[in-house]
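Visitor: I'd like to ask you about the structure that follows.
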Amino acid sequence: MAALDEESEGLAAEYALGTLSAEERLIARSRLVADPEFARAVADWERRLAPLADAVPERAPNAALFEAINARSELRAAPSDDAGSDTSNIVELRRKLTRWRAATIGLGALAASLLVVLGLPIEPGREFVAVLQSESAGPGFVATVDTAHHVMTVRRVGAPAPTDYSYELWALGAGRPKAQSLGVIEASARMPAEKLGPHDLSDTTLAISLEPPGGSPTGQATGPVLFVGKLLPAE
Amino acid sequence: MDTTDSVALAQCLAATARGERAAFADLYRRTSAKLFAIARRILVRTELAEEALQEAYVRIWTNAPRYDAKVATPMTWMIAIARNQAIDLRRRMSERVSEGAVALEDAEPMVSVSAQGIEASADLRHLTRCLEGLTEQPRMMVMLAYHQGFSREELSARFDRPVATVKTILRRGLAALKDCLDGRA
């Protein structure tokens, strides 16, 4: 088993401890999905630190809370089919590809395989792809950046936004001082690649947050971040 | 968490993964007071802790099929989900959280390693020994971060040290903690 480098090990520890900023946490979370060694390091830290919770005296929440949880729409579906029929094939494919990837093939190939399944054309060498995933529901969006034609496309592959909410797309990392809005996304969107700015694409992470209709009123994400994925060069 | 509880929780979690609502209710009954207490320390305000707890249990329900007993005990897995929800919410709500922070810190000083009146498990005793091997500042930073969800920035303000220095102190402290816990020091 390849050991993580010191920086990654420290990042895993700080993610588990909880000292990272909101954006660093987002980026760490996309790595959790993409990098099994990193995910293992985080799980190890969660195990190491968990005994601290033994020392916290229990305190019962309001009795009404369980009813509120049971009323949530996510609980209407059984746990195993939460991803819905549209994305279950992709989730299944991702599981199969995980071992394949672990052997020799780069993550770029994994993302590329998803795009093939979705019928999106990709051109190795000049395209970047990101599969934006959630912890609970698998892939939600797929993004491609074609650097030759200066076009970025985003396609939703998961459930639409709940009524009275919008999905908003953000770019993070690569020296951006804060998350950069790329606008509200309905089913799909096409935009000039220049919208991403003069930043290193291979160091850019994309995220989707849930916002009021029409997008965040503040210019920064105000709602929960539902899907995250790192842009990777297509292979 | 003794072994019997852990086995019962694993059974609840396995049944929850199959969509059994009674098992989920049982899981909630057995774990919600612990997870709520953890979230409330991080979020200070009861209504925010309830919001985080709601999100945590929705994730426990939807992710139950992905629980892997080889990676974590049920409680470790659920605590991580609850803490992640609470910390994410704390980062989004930092102003609302800090309004109430002074009062709670006065009432519940949480920089000591073990709470009074709770018999420490063997794991907690081991962790406590390792934490006591650190110097005071990294130890307090780890405790404040774990229990109250302090970010590097918040630790920087609390200890009056630059953020970059806090990162260095944390990384060194955590590396030493790992060596001690994994039996290499």
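Residue numbers start at 1 in each chain; chains themselves are named A, B, ... in the order of the structure tokens; ligands are numbered from 1 in the order shown.
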For A:Glu7, please output as JSON, numbers by chain all residues within 12 Å (counting only C-alpha atoms; exclusion window: fewer than 6 positions along the same chain).

Guide: {"A": [13, 14, 38, 41], "B": [167, 168, 171, 172, 175]}

Visitor: If the cut-off is 8 Å, can you tell me the residues of chain A near chain B, counting only C-alpha atoms? I'd like them as a PDB file with N, CA, C and O atoms, in the first residue's frame.

Guide:
ATOM      1  N   GLY A  10      -1.301  15.141   6.553  1.00  0.00           N
ATOM      2  CA  GLY A  10      -1.691  16.264   7.406  1.00  0.00           C
ATOM      3  C   GLY A  10      -3.059  16.805   7.041  1.00  0.00           C
ATOM      4  O   GLY A  10      -3.859  17.146   7.914  1.00  0.00           O
ATOM      5  N   ALA A  13      -5.664  14.456   8.344  1.00  0.00           N
ATOM      6  CA  ALA A  13      -5.819  14.637   9.791  1.00  0.00           C
ATOM      7  C   ALA A  13      -6.643  15.885  10.091  1.00  0.00           C
ATOM      8  O   ALA A  13      -7.564  15.859  10.909  1.00  0.00           O
ATOM      9  N   GLU A  14      -6.321  16.975   9.399  1.00  0.00           N
ATOM     10  CA  GLU A  14      -7.057  18.221   9.666  1.00  0.00           C
ATOM     11  C   GLU A  14      -8.503  18.149   9.163  1.00  0.00           C
ATOM     12  O   GLU A  14      -9.384  18.780   9.744  1.00  0.00           O
ATOM     13  N   ALA A  16     -10.350  15.401   9.231  1.00  0.00           N
ATOM     14  CA  ALA A  16     -11.047  14.622  10.255  1.00  0.00           C
ATOM     15  C   ALA A  16     -11.215  15.433  11.541  1.00  0.00           C
ATOM     16  O   ALA A  16     -12.258  15.379  12.190  1.00  0.00           O
ATOM     17  N   LEU A  17     -10.190  16.205  11.891  1.00  0.00           N
ATOM     18  CA  LEU A  17     -10.262  17.011  13.117  1.00  0.00           C
ATOM     19  C   LEU A  17     -11.268  18.147  12.947  1.00  0.00           C
ATOM     20  O   LEU A  17     -11.979  18.504  13.886  1.00  0.00           O
ATOM     21  N   GLY A  18     -11.319  18.724  11.739  1.00  0.00           N
ATOM     22  CA  GLY A  18     -12.316  19.765  11.476  1.00  0.00           C
ATOM     23  C   GLY A  18     -11.778  21.183  11.441  1.00  0.00           C
ATOM     24  O   GLY A  18     -12.540  22.135  11.562  1.00  0.00           O
ATOM     25  N   THR A  19     -10.465  21.356  11.255  1.00  0.00           N
ATOM     26  CA  THR A  19      -9.883  22.700  11.311  1.00  0.00           C
ATOM     27  C   THR A  19      -9.812  23.394   9.951  1.00  0.00           C
ATOM     28  O   THR A  19      -9.396  24.552   9.893  1.00  0.00           O
ATOM     29  N   LEU A  20     -10.216  22.701   8.882  1.00  0.00           N
ATOM     30  CA  LEU A  20     -10.098  23.315   7.554  1.00  0.00           C
ATOM     31  C   LEU A  20     -11.221  24.327   7.324  1.00  0.00           C
ATOM     32  O   LEU A  20     -12.291  24.246   7.923  1.00  0.00           O
ATOM     33  N   SER A  21     -10.968  25.275   6.421  1.00  0.00           N
ATOM     34  CA  SER A  21     -11.991  26.240   6.022  1.00  0.00           C
ATOM     35  C   SER A  21     -13.035  25.531   5.165  1.00  0.00           C
ATOM     36  O   SER A  21     -12.822  24.401   4.713  1.00  0.00           O
ATOM     37  N   ALA A  22     -14.153  26.225   4.920  1.00  0.00           N
ATOM     38  CA  ALA A  22     -15.235  25.624   4.119  1.00  0.00           C
ATOM     39  C   ALA A  22     -14.714  25.172   2.762  1.00  0.00           C
ATOM     40  O   ALA A  22     -15.043  24.077   2.291  1.00  0.00           O
ATOM     41  N   ALA A  43     -10.360   8.035   7.273  1.00  0.00           N
ATOM     42  CA  ALA A  43     -11.061   7.053   8.123  1.00  0.00           C
ATOM     43  C   ALA A  43     -10.191   6.657   9.318  1.00  0.00           C
ATOM     44  O   ALA A  43     -10.691   6.492  10.431  1.00  0.00           O
ATOM     45  N   GLU A  46     -10.438   9.440  11.787  1.00  0.00           N
ATOM     46  CA  GLU A  46     -11.748   9.445  12.460  1.00  0.00           C
ATOM     47  C   GLU A  46     -11.758   8.393  13.568  1.00  0.00           C
ATOM     48  O   GLU A  46     -12.310   8.624  14.643  1.00  0.00           O
ATOM     49  N   ARG A  47     -11.111   7.253  13.280  1.00  0.00           N
ATOM     50  CA  ARG A  47     -11.036   6.199  14.292  1.00  0.00           C
ATOM     51  C   ARG A  47     -10.142   6.630  15.460  1.00  0.00           C
ATOM     52  O   ARG A  47     -10.476   6.428  16.623  1.00  0.00           O
ATOM     53  N   ARG A  48      -8.993   7.240  15.149  1.00  0.00           N
ATOM     54  CA  ARG A  48      -8.073   7.649  16.215  1.00  0.00           C
ATOM     55  C   ARG A  48      -8.716   8.668  17.155  1.00  0.00           C
ATOM     56  O   ARG A  48      -8.482   8.651  18.358  1.00  0.00           O
ATOM     57  N   LEU A  49      -9.509   9.590  16.581  1.00  0.00           N
ATOM     58  CA  LEU A  49     -10.053  10.689  17.383  1.00  0.00           C
ATOM     59  C   LEU A  49     -11.378  10.341  18.057  1.00  0.00           C
ATOM     60  O   LEU A  49     -11.778  10.997  19.025  1.00  0.00           O
ATOM     61  N   ALA A  50     -12.069   9.309  17.530  1.00  0.00           N
ATOM     62  CA  ALA A  50     -13.422   9.002  18.026  1.00  0.00           C
ATOM     63  C   ALA A  50     -13.518   8.814  19.542  1.00  0.00           C
ATOM     64  O   ALA A  50     -14.543   9.197  20.127  1.00  0.00           O
ATOM     65  N   PRO A  51     -12.496   8.257  20.225  1.00  0.00           N
ATOM     66  CA  PRO A  51     -12.643   8.101  21.685  1.00  0.00           C
ATOM     67  C   PRO A  51     -12.913   9.419  22.412  1.00  0.00           C
ATOM     68  O   PRO A  51     -13.505   9.420  23.486  1.00  0.00           O
ATOM     69  N   LEU A  52     -12.522  10.544  21.818  1.00  0.00           N
ATOM     70  CA  LEU A  52     -12.807  11.829  22.456  1.00  0.00           C
ATOM     71  C   LEU A  52     -14.312  12.027  22.643  1.00  0.00           C
ATOM     72  O   LEU A  52     -14.748  12.686  23.588  1.00  0.00           O
ATOM     73  N   ALA A  53     -15.082  11.450  21.729  1.00  0.00           N
ATOM     74  CA  ALA A  53     -16.544  11.597  21.835  1.00  0.00           C
ATOM     75  C   ALA A  53     -17.095  10.840  23.047  1.00  0.00           C
ATOM     76  O   ALA A  53     -18.170  11.165  23.551  1.00  0.00           O
ATOM     77  N   ASP A  54     -16.337   9.817  23.528  1.00  0.00           N
ATOM     78  CA  ASP A  54     -16.780   9.093  24.734  1.00  0.00           C
ATOM     79  C   ASP A  54     -16.962  10.056  25.900  1.00  0.00           C
ATOM     80  O   ASP A  54     -17.796   9.852  26.775  1.00  0.00           O
ATOM     81  N   ALA A  55     -16.132  11.110  25.903  1.00  0.00           N
ATOM     82  CA  ALA A  55     -16.122  12.019  27.052  1.00  0.00           C
ATOM     83  C   ALA A  55     -17.247  13.055  26.993  1.00  0.00           C
ATOM     84  O   ALA A  55     -17.416  13.824  27.913  1.00  0.00           O
ATOM     85  N   VAL A  56     -17.990  13.070  25.904  1.00  0.00           N
ATOM     86  CA  VAL A  56     -19.067  14.064  25.791  1.00  0.00           C
ATOM     87  C   VAL A  56     -20.333  13.490  26.419  1.00  0.00           C
ATOM     88  O   VAL A  56     -20.834  12.460  25.967  1.00  0.00           O
ATOM     89  N   PRO A  57     -20.848  14.128  27.480  1.00  0.00           N
ATOM     90  CA  PRO A  57     -22.060  13.595  28.113  1.00  0.00           C
ATOM     91  C   PRO A  57     -23.246  13.668  27.162  1.00  0.00           C
ATOM     92  O   PRO A  57     -23.423  14.659  26.458  1.00  0.00           O
ATOM     93  N   GLU A  58     -24.042  12.597  27.133  1.00  0.00           N
ATOM     94  CA  GLU A  58     -25.186  12.561  26.214  1.00  0.00           C
ATOM     95  C   GLU A  58     -26.201  13.635  26.583  1.00  0.00           C
ATOM     96  O   GLU A  58     -26.296  14.059  27.729  1.00  0.00           O
ATOM     97  N   ARG A  59     -26.942  14.037  25.585  1.00  0.00           N
ATOM     98  CA  ARG A  59     -27.947  15.080  25.785  1.00  0.00           C
ATOM     99  C   ARG A  59     -29.034  14.831  24.749  1.00  0.00           C
ATOM    100  O   ARG A  59     -28.778  14.917  23.546  1.00  0.00           O
ATOM    101  N   ALA A  60     -30.230  14.482  25.205  1.00  0.00           N
ATOM    102  CA  ALA A  60     -31.288  14.096  24.259  1.00  0.00           C
ATOM    103  C   ALA A  60     -31.779  15.311  23.479  1.00  0.00           C
ATOM    104  O   ALA A  60     -31.990  16.370  24.055  1.00  0.00           O
ATOM    105  N   PRO A  61     -31.934  15.164  22.154  1.00  0.00           N
ATOM    106  CA  PRO A  61     -32.525  16.270  21.378  1.00  0.00           C
ATOM    107  C   PRO A  61     -34.026  16.344  21.617  1.00  0.00           C
ATOM    108  O   PRO A  61     -34.618  15.424  22.181  1.00  0.00           O
ATOM    109  N   LEU A  65     -37.751  16.006  16.907  1.00  0.00           N
ATOM    110  CA  LEU A  65     -36.758  15.985  15.833  1.00  0.00           C
ATOM    111  C   LEU A  65     -36.850  14.724  14.965  1.00  0.00           C
ATOM    112  O   LEU A  65     -36.672  14.789  13.752  1.00  0.00           O
ATOM    113  N   PHE A  66     -37.121  13.586  15.615  1.00  0.00           N
ATOM    114  CA  PHE A  66     -37.157  12.349  14.823  1.00  0.00           C
ATOM    115  C   PHE A  66     -38.296  12.381  13.801  1.00  0.00           C
ATOM    116  O   PHE A  66     -38.140  11.881  12.689  1.00  0.00           O
ATOM    117  N   ALA A  68     -39.348  15.071  12.326  1.00  0.00           N
ATOM    118  CA  ALA A  68     -38.871  15.951  11.247  1.00  0.00           C
ATOM    119  C   ALA A  68     -37.946  15.174  10.307  1.00  0.00           C
ATOM    120  O   ALA A  68     -37.995  15.334   9.083  1.00  0.00           O
ATOM    121  N   ILE A  69     -37.091  14.307  10.882  1.00  0.00           N
ATOM    122  CA  ILE A  69     -36.190  13.501  10.058  1.00  0.00           C
ATOM    123  C   ILE A  69     -36.997  12.532   9.196  1.00  0.00           C
ATOM    124  O   ILE A  69     -36.781  12.403   7.991  1.00  0.00           O
ATOM    125  N   ARG A  72     -38.530  13.860   6.048  1.00  0.00           N
ATOM    126  CA  ARG A  72     -37.677  14.297   4.939  1.00  0.00           C
ATOM    127  C   ARG A  72     -37.873  13.417   3.698  1.00  0.00           C
ATOM    128  O   ARG A  72     -38.024  12.200   3.814  1.00  0.00           O
ATOM    129  N   GLU A  74     -35.910  12.355   1.493  1.00  0.00           N
ATOM    130  CA  GLU A  74     -34.909  11.313   1.257  1.00  0.00           C
ATOM    131  C   GLU A  74     -35.308   9.990   1.918  1.00  0.00           C
ATOM    132  O   GLU A  74     -34.879   8.919   1.497  1.00  0.00           O
ATOM    133  N   LEU A  75     -36.123  10.087   2.989  1.00  0.00           N
ATOM    134  CA  LEU A  75     -36.477   8.873   3.716  1.00  0.00           C
ATOM    135  C   LEU A  75     -37.672   8.143   3.112  1.00  0.00           C
ATOM    136  O   LEU A  75     -38.063   7.083   3.572  1.00  0.00           O
ATOM    137  N   ALA A  78     -36.061   3.790  -0.190  1.00  0.00           N
ATOM    138  CA  ALA A  78     -35.202   2.874   0.551  1.00  0.00           C
ATOM    139  C   ALA A  78     -33.753   3.297   0.330  1.00  0.00           C
ATOM    140  O   ALA A  78     -33.431   3.878  -0.710  1.00  0.00           O
ATOM    141  N   PRO A  79     -32.865   3.026   1.302  1.00  0.00           N
ATOM    142  CA  PRO A  79     -31.491   3.497   1.185  1.00  0.00           C
ATOM    143  C   PRO A  79     -30.790   3.063  -0.097  1.00  0.00           C
ATOM    144  O   PRO A  79     -30.026   3.825  -0.668  1.00  0.00           O
ATOM    145  N   SER A  80     -31.063   1.844  -0.566  1.00  0.00           N
ATOM    146  CA  SER A  80     -30.263   1.320  -1.675  1.00  0.00           C
ATOM    147  C   SER A  80     -30.574   1.978  -3.006  1.00  0.00           C
ATOM    148  O   SER A  80     -29.737   2.005  -3.891  1.00  0.00           O
ATOM    149  N   ASP A  82     -31.532   5.210  -3.540  1.00  0.00           N
ATOM    150  CA  ASP A  82     -31.649   6.666  -3.393  1.00  0.00           C
ATOM    151  C   ASP A  82     -31.122   7.413  -4.611  1.00  0.00           C
ATOM    152  O   ASP A  82     -31.480   8.549  -4.852  1.00  0.00           O
ATOM    153  N   GLU A 135     -21.904  12.674  -1.391  1.00  0.00           N
ATOM    154  CA  GLU A 135     -21.630  11.532  -0.531  1.00  0.00           C
ATOM    155  C   GLU A 135     -22.767  10.521  -0.618  1.00  0.00           C
ATOM    156  O   GLU A 135     -22.551   9.333  -0.569  1.00  0.00           O
ATOM    157  N   SER A 136     -23.999  11.029  -0.746  1.00  0.00           N
ATOM    158  CA  SER A 136     -25.133  10.117  -0.590  1.00  0.00           C
ATOM    159  C   SER A 136     -25.732   9.675  -1.915  1.00  0.00           C
ATOM    160  O   SER A 136     -26.277   8.597  -2.000  1.00  0.00           O
ATOM    161  N   ALA A 137     -25.671  10.497  -2.946  1.00  0.00           N
ATOM    162  CA  ALA A 137     -26.449  10.187  -4.141  1.00  0.00           C
ATOM    163  C   ALA A 137     -25.601   9.952  -5.390  1.00  0.00           C
ATOM    164  O   ALA A 137     -26.130   9.900  -6.485  1.00  0.00           O
ATOM    165  N   THR A 222     -24.451  30.152  -0.270  1.00  0.00           N
ATOM    166  CA  THR A 222     -25.151  30.330   1.009  1.00  0.00           C
ATOM    167  C   THR A 222     -25.813  29.034   1.458  1.00  0.00           C
ATOM    168  O   THR A 222     -26.149  28.873   2.617  1.00  0.00           O
TER     169      THR A 222
END

Visitor: Any idea what's packed within 10 Å of A:Glu186, counting only C-alpha atoms, ignoring anything in its chain fewer than 5 positions away? Could you give it as an mmCIF file with all heavy atoms, in the first residue's frame?

Guide:
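File produced: part-v5.cif:
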data_model
loop_
_atom_site.group_PDB
_atom_site.id
_atom_site.type_symbol
_atom_site.label_atom_id
_atom_site.label_comp_id
_atom_site.auth_asym_id
_atom_site.auth_seq_id
_atom_site.Cartn_x
_atom_site.Cartn_y
_atom_site.Cartn_z
ATOM 1 N N VAL A 154 -21.828 21.708 -18.982
ATOM 2 C CA VAL A 154 -22.207 21.089 -17.716
ATOM 3 C C VAL A 154 -23.528 20.387 -17.954
ATOM 4 O O VAL A 154 -24.440 20.964 -18.560
ATOM 5 C CB VAL A 154 -22.384 22.143 -16.602
ATOM 6 C CG1 VAL A 154 -22.680 21.462 -15.274
ATOM 7 C CG2 VAL A 154 -21.140 23.002 -16.491
ATOM 8 N N ARG A 155 -23.618 19.147 -17.531
ATOM 9 C CA ARG A 155 -24.873 18.424 -17.708
ATOM 10 C C ARG A 155 -25.279 17.789 -16.381
ATOM 11 O O ARG A 155 -24.472 17.176 -15.699
ATOM 12 C CB ARG A 155 -24.707 17.329 -18.759
ATOM 13 C CG ARG A 155 -26.005 16.560 -18.994
ATOM 14 C CD ARG A 155 -25.827 15.435 -19.951
ATOM 15 N NE ARG A 155 -25.617 15.925 -21.308
ATOM 16 C CZ ARG A 155 -25.738 15.133 -22.379
ATOM 17 N NH1 ARG A 155 -26.039 13.867 -22.228
ATOM 18 N NH2 ARG A 155 -25.523 15.618 -23.578
ATOM 19 N N ARG A 156 -26.558 17.956 -16.061
ATOM 20 C CA ARG A 156 -27.075 17.336 -14.839
ATOM 21 C C ARG A 156 -27.411 15.883 -15.126
ATOM 22 O O ARG A 156 -28.085 15.598 -16.118
ATOM 23 C CB ARG A 156 -28.317 18.089 -14.352
ATOM 24 C CG ARG A 156 -28.965 17.470 -13.124
ATOM 25 C CD ARG A 156 -29.947 18.417 -12.458
ATOM 26 N NE ARG A 156 -31.012 18.865 -13.336
ATOM 27 C CZ ARG A 156 -32.027 18.102 -13.733
ATOM 28 N NH1 ARG A 156 -32.115 16.851 -13.323
ATOM 29 N NH2 ARG A 156 -32.943 18.579 -14.540
ATOM 30 N N PRO A 160 -33.350 16.805 -10.386
ATOM 31 C CA PRO A 160 -33.428 18.266 -10.490
ATOM 32 C C PRO A 160 -33.444 18.920 -9.111
ATOM 33 O O PRO A 160 -33.669 18.237 -8.104
ATOM 34 C CB PRO A 160 -34.764 18.490 -11.219
ATOM 35 C CG PRO A 160 -35.540 17.233 -11.067
ATOM 36 C CD PRO A 160 -34.555 16.126 -10.855
ATOM 37 N N ALA A 161 -33.170 20.213 -9.054
ATOM 38 C CA ALA A 161 -33.208 20.928 -7.773
ATOM 39 C C ALA A 161 -34.621 20.864 -7.199
ATOM 40 O O ALA A 161 -35.594 20.850 -7.956
ATOM 41 C CB ALA A 161 -32.783 22.372 -7.976
ATOM 42 N N SER A 166 -32.469 26.661 -6.594
ATOM 43 C CA SER A 166 -31.679 26.541 -7.814
ATOM 44 C C SER A 166 -30.346 25.881 -7.491
ATOM 45 O O SER A 166 -29.823 26.043 -6.379
ATOM 46 C CB SER A 166 -31.385 27.932 -8.407
ATOM 47 O OG SER A 166 -32.548 28.517 -8.924
ATOM 48 N N TYR A 167 -29.795 25.159 -8.473
ATOM 49 C CA TYR A 167 -28.420 24.673 -8.376
ATOM 50 C C TYR A 167 -27.492 25.762 -8.906
ATOM 51 O O TYR A 167 -27.728 26.297 -9.990
ATOM 52 C CB TYR A 167 -28.227 23.433 -9.251
ATOM 53 C CG TYR A 167 -28.798 22.151 -8.711
ATOM 54 C CD1 TYR A 167 -29.473 21.274 -9.567
ATOM 55 C CD2 TYR A 167 -28.630 21.776 -7.385
ATOM 56 C CE1 TYR A 167 -29.983 20.070 -9.106
ATOM 57 C CE2 TYR A 167 -29.134 20.570 -6.922
ATOM 58 C CZ TYR A 167 -29.814 19.723 -7.784
ATOM 59 O OH TYR A 167 -30.307 18.530 -7.330
ATOM 60 N N GLU A 168 -26.444 26.076 -8.164
ATOM 61 C CA GLU A 168 -25.467 27.056 -8.660
ATOM 62 C C GLU A 168 -24.094 26.392 -8.730
ATOM 63 O O GLU A 168 -23.695 25.656 -7.825
ATOM 64 C CB GLU A 168 -25.417 28.288 -7.744
ATOM 65 C CG GLU A 168 -24.524 29.403 -8.303
ATOM 66 C CD GLU A 168 -24.816 30.770 -7.672
ATOM 67 O OE1 GLU A 168 -25.745 30.869 -6.843
ATOM 68 O OE2 GLU A 168 -24.101 31.734 -8.023
#

Visitor: Choose the residue, out of B:Ala39, B:Tyr67, B:Gly173, B:Ala23, that has the smallest atom-to-atom separation from B:Gly133; count only C-alpha atoms.

Guide: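 Going through B:Ala39, B:Tyr67, B:Gly173, B:Ala23 one by one, the smallest distance to B:Gly133 is for B:Gly173.
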
Visitor: A:Pro198, A:Pro162, A:Thr218, A:Ala207: which is nearest A:Leu182, counting only C-alpha atoms?

Guide: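 Answer, going by the shortest atom-to-atom distance: A:Ala207.
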
Visitor: Rounded to one decimal in Å, what is the spacing between atom CA of A:Val151 and atom CA of A:Gln133?

Guide: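 Rounded to one decimal, the two atoms are 21.7 Å apart.
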
Visitor: Considering only C-alpha atoms, can you say which of A:Ala187, A:Ala63, A:Leu226, A:Leu26 comes closest to A:Pro139?

Guide: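 Checking each candidate against A:Pro139, we get A:Leu226 as the closest.
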
Visitor: Figure out the distance between atom CA of A:Gly140 and atom CA of A:Ala28, please, to one decimal in Å.

Guide: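 Distance between the two atoms: 18.0 Å.
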
Visitor: Skip A:Arg126 itself and residues of its chain fewer than 4 positions away, then list as an MDAnalysis selection string all residues within 8 Å of it, counting only C-alpha atoms.

Guide: chainID A and resid 146:148 233:234

Visitor: Those selected residues, please, written with C-alpha atoms and delivered as a PDB file, in the first residue's frame.

Guide:
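Below you can see selection.pdb, which holds the result:
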ATOM      1  CA  ASP A 146     -12.657  21.845 -24.178  1.00  0.00           C
ATOM      2  CA  THR A 147      -9.559  24.008 -24.217  1.00  0.00           C
ATOM      3  CA  ALA A 148      -9.244  23.866 -28.021  1.00  0.00           C
ATOM      4  CA  PRO A 233      -7.352  15.864 -17.906  1.00  0.00           C
ATOM      5  CA  ALA A 234      -9.157  13.387 -20.155  1.00  0.00           C
TER       6      ALA A 234
END

Visitor: So that I can check the surroundings of A:Ala39, please list as a ChimeraX atom specification every protein, DNA and RNA residue that reaches within 12 Å of it, counting only C-alpha atoms and ignoring chain neighbours fewer than 6 positions away.

Guide: /A:4,8-9,11-13,15-16,28-33,45-46 /B:71

Visitor: Include N, CA, C and O atoms and write out the residues we just selected as a PDB file, in the first residue's frame.

Guide:
ATOM      1  N   LEU A   4       0.754   7.796   2.013  1.00  0.00           N
ATOM      2  CA  LEU A   4       0.496   9.170   1.580  1.00  0.00           C
ATOM      3  C   LEU A   4       1.701  10.039   1.891  1.00  0.00           C
ATOM      4  O   LEU A   4       2.423   9.794   2.838  1.00  0.00           O
ATOM      5  N   SER A   8      -0.400  15.319   2.389  1.00  0.00           N
ATOM      6  CA  SER A   8      -1.716  14.689   2.266  1.00  0.00           C
ATOM      7  C   SER A   8      -2.157  14.083   3.593  1.00  0.00           C
ATOM      8  O   SER A   8      -3.336  14.145   3.953  1.00  0.00           O
ATOM      9  N   GLU A   9      -1.202  13.480   4.299  1.00  0.00           N
ATOM     10  CA  GLU A   9      -1.510  12.895   5.607  1.00  0.00           C
ATOM     11  C   GLU A   9      -1.974  13.992   6.579  1.00  0.00           C
ATOM     12  O   GLU A   9      -2.954  13.820   7.315  1.00  0.00           O
ATOM     13  N   LEU A  11      -3.321  16.848   5.748  1.00  0.00           N
ATOM     14  CA  LEU A  11      -4.629  17.322   5.277  1.00  0.00           C
ATOM     15  C   LEU A  11      -5.737  16.368   5.733  1.00  0.00           C
ATOM     16  O   LEU A  11      -6.807  16.807   6.188  1.00  0.00           O
ATOM     17  N   ALA A  12      -5.463  15.069   5.623  1.00  0.00           N
ATOM     18  CA  ALA A  12      -6.448  14.065   6.070  1.00  0.00           C
ATOM     19  C   ALA A  12      -6.730  14.235   7.565  1.00  0.00           C
ATOM     20  O   ALA A  12      -7.885  14.192   8.001  1.00  0.00           O
ATOM     21  N   ALA A  13      -5.664  14.456   8.344  1.00  0.00           N
ATOM     22  CA  ALA A  13      -5.819  14.637   9.791  1.00  0.00           C
ATOM     23  C   ALA A  13      -6.643  15.885  10.091  1.00  0.00           C
ATOM     24  O   ALA A  13      -7.564  15.859  10.909  1.00  0.00           O
ATOM     25  N   TYR A  15      -8.748  17.395   8.080  1.00  0.00           N
ATOM     26  CA  TYR A  15     -10.130  17.232   7.633  1.00  0.00           C
ATOM     27  C   TYR A  15     -10.925  16.489   8.713  1.00  0.00           C
ATOM     28  O   TYR A  15     -12.017  16.900   9.091  1.00  0.00           O
ATOM     29  N   ALA A  16     -10.350  15.401   9.231  1.00  0.00           N
ATOM     30  CA  ALA A  16     -11.047  14.622  10.255  1.00  0.00           C
ATOM     31  C   ALA A  16     -11.215  15.433  11.541  1.00  0.00           C
ATOM     32  O   ALA A  16     -12.258  15.379  12.190  1.00  0.00           O
ATOM     33  N   ALA A  28     -11.069  18.799  -0.061  1.00  0.00           N
ATOM     34  CA  ALA A  28     -10.726  17.521   0.580  1.00  0.00           C
ATOM     35  C   ALA A  28     -11.800  16.475   0.276  1.00  0.00           C
ATOM     36  O   ALA A  28     -11.501  15.311   0.026  1.00  0.00           O
ATOM     37  N   ARG A  29     -13.065  16.910   0.259  1.00  0.00           N
ATOM     38  CA  ARG A  29     -14.156  15.965   0.034  1.00  0.00           C
ATOM     39  C   ARG A  29     -14.136  15.413  -1.393  1.00  0.00           C
ATOM     40  O   ARG A  29     -14.466  14.254  -1.617  1.00  0.00           O
ATOM     41  N   SER A  30     -13.756  16.260  -2.353  1.00  0.00           N
ATOM     42  CA  SER A  30     -13.690  15.733  -3.720  1.00  0.00           C
ATOM     43  C   SER A  30     -12.556  14.713  -3.813  1.00  0.00           C
ATOM     44  O   SER A  30     -12.637  13.731  -4.535  1.00  0.00           O
ATOM     45  N   ARG A  31     -11.503  14.941  -3.027  1.00  0.00           N
ATOM     46  CA  ARG A  31     -10.402  13.984  -3.035  1.00  0.00           C
ATOM     47  C   ARG A  31     -10.797  12.671  -2.357  1.00  0.00           C
ATOM     48  O   ARG A  31     -10.325  11.592  -2.749  1.00  0.00           O
ATOM     49  N   LEU A  32     -11.680  12.764  -1.349  1.00  0.00           N
ATOM     50  CA  LEU A  32     -12.172  11.552  -0.681  1.00  0.00           C
ATOM     51  C   LEU A  32     -12.815  10.612  -1.691  1.00  0.00           C
ATOM     52  O   LEU A  32     -12.685   9.395  -1.587  1.00  0.00           O
ATOM     53  N   VAL A  33     -13.545  11.199  -2.649  1.00  0.00           N
ATOM     54  CA  VAL A  33     -14.224  10.387  -3.663  1.00  0.00           C
ATOM     55  C   VAL A  33     -13.211   9.823  -4.654  1.00  0.00           C
ATOM     56  O   VAL A  33     -13.310   8.683  -5.085  1.00  0.00           O
ATOM     57  N   TRP A  45      -7.986   8.550  10.788  1.00  0.00           N
ATOM     58  CA  TRP A  45      -8.018   9.665  11.744  1.00  0.00           C
ATOM     59  C   TRP A  45      -9.347   9.745  12.478  1.00  0.00           C
ATOM     60  O   TRP A  45      -9.397  10.067  13.674  1.00  0.00           O
ATOM     61  N   GLU A  46     -10.438   9.440  11.787  1.00  0.00           N
ATOM     62  CA  GLU A  46     -11.748   9.445  12.460  1.00  0.00           C
ATOM     63  C   GLU A  46     -11.758   8.393  13.568  1.00  0.00           C
ATOM     64  O   GLU A  46     -12.310   8.624  14.643  1.00  0.00           O
TER      65      GLU A  46
ATOM     66  N   VAL B  71     -13.867  -0.817   8.042  1.00  0.00           N
ATOM     67  CA  VAL B  71     -13.247   0.508   8.101  1.00  0.00           C
ATOM     68  C   VAL B  71     -13.505   1.207   9.435  1.00  0.00           C
ATOM     69  O   VAL B  71     -12.636   1.883   9.973  1.00  0.00           O
TER      70      VAL B  71
END
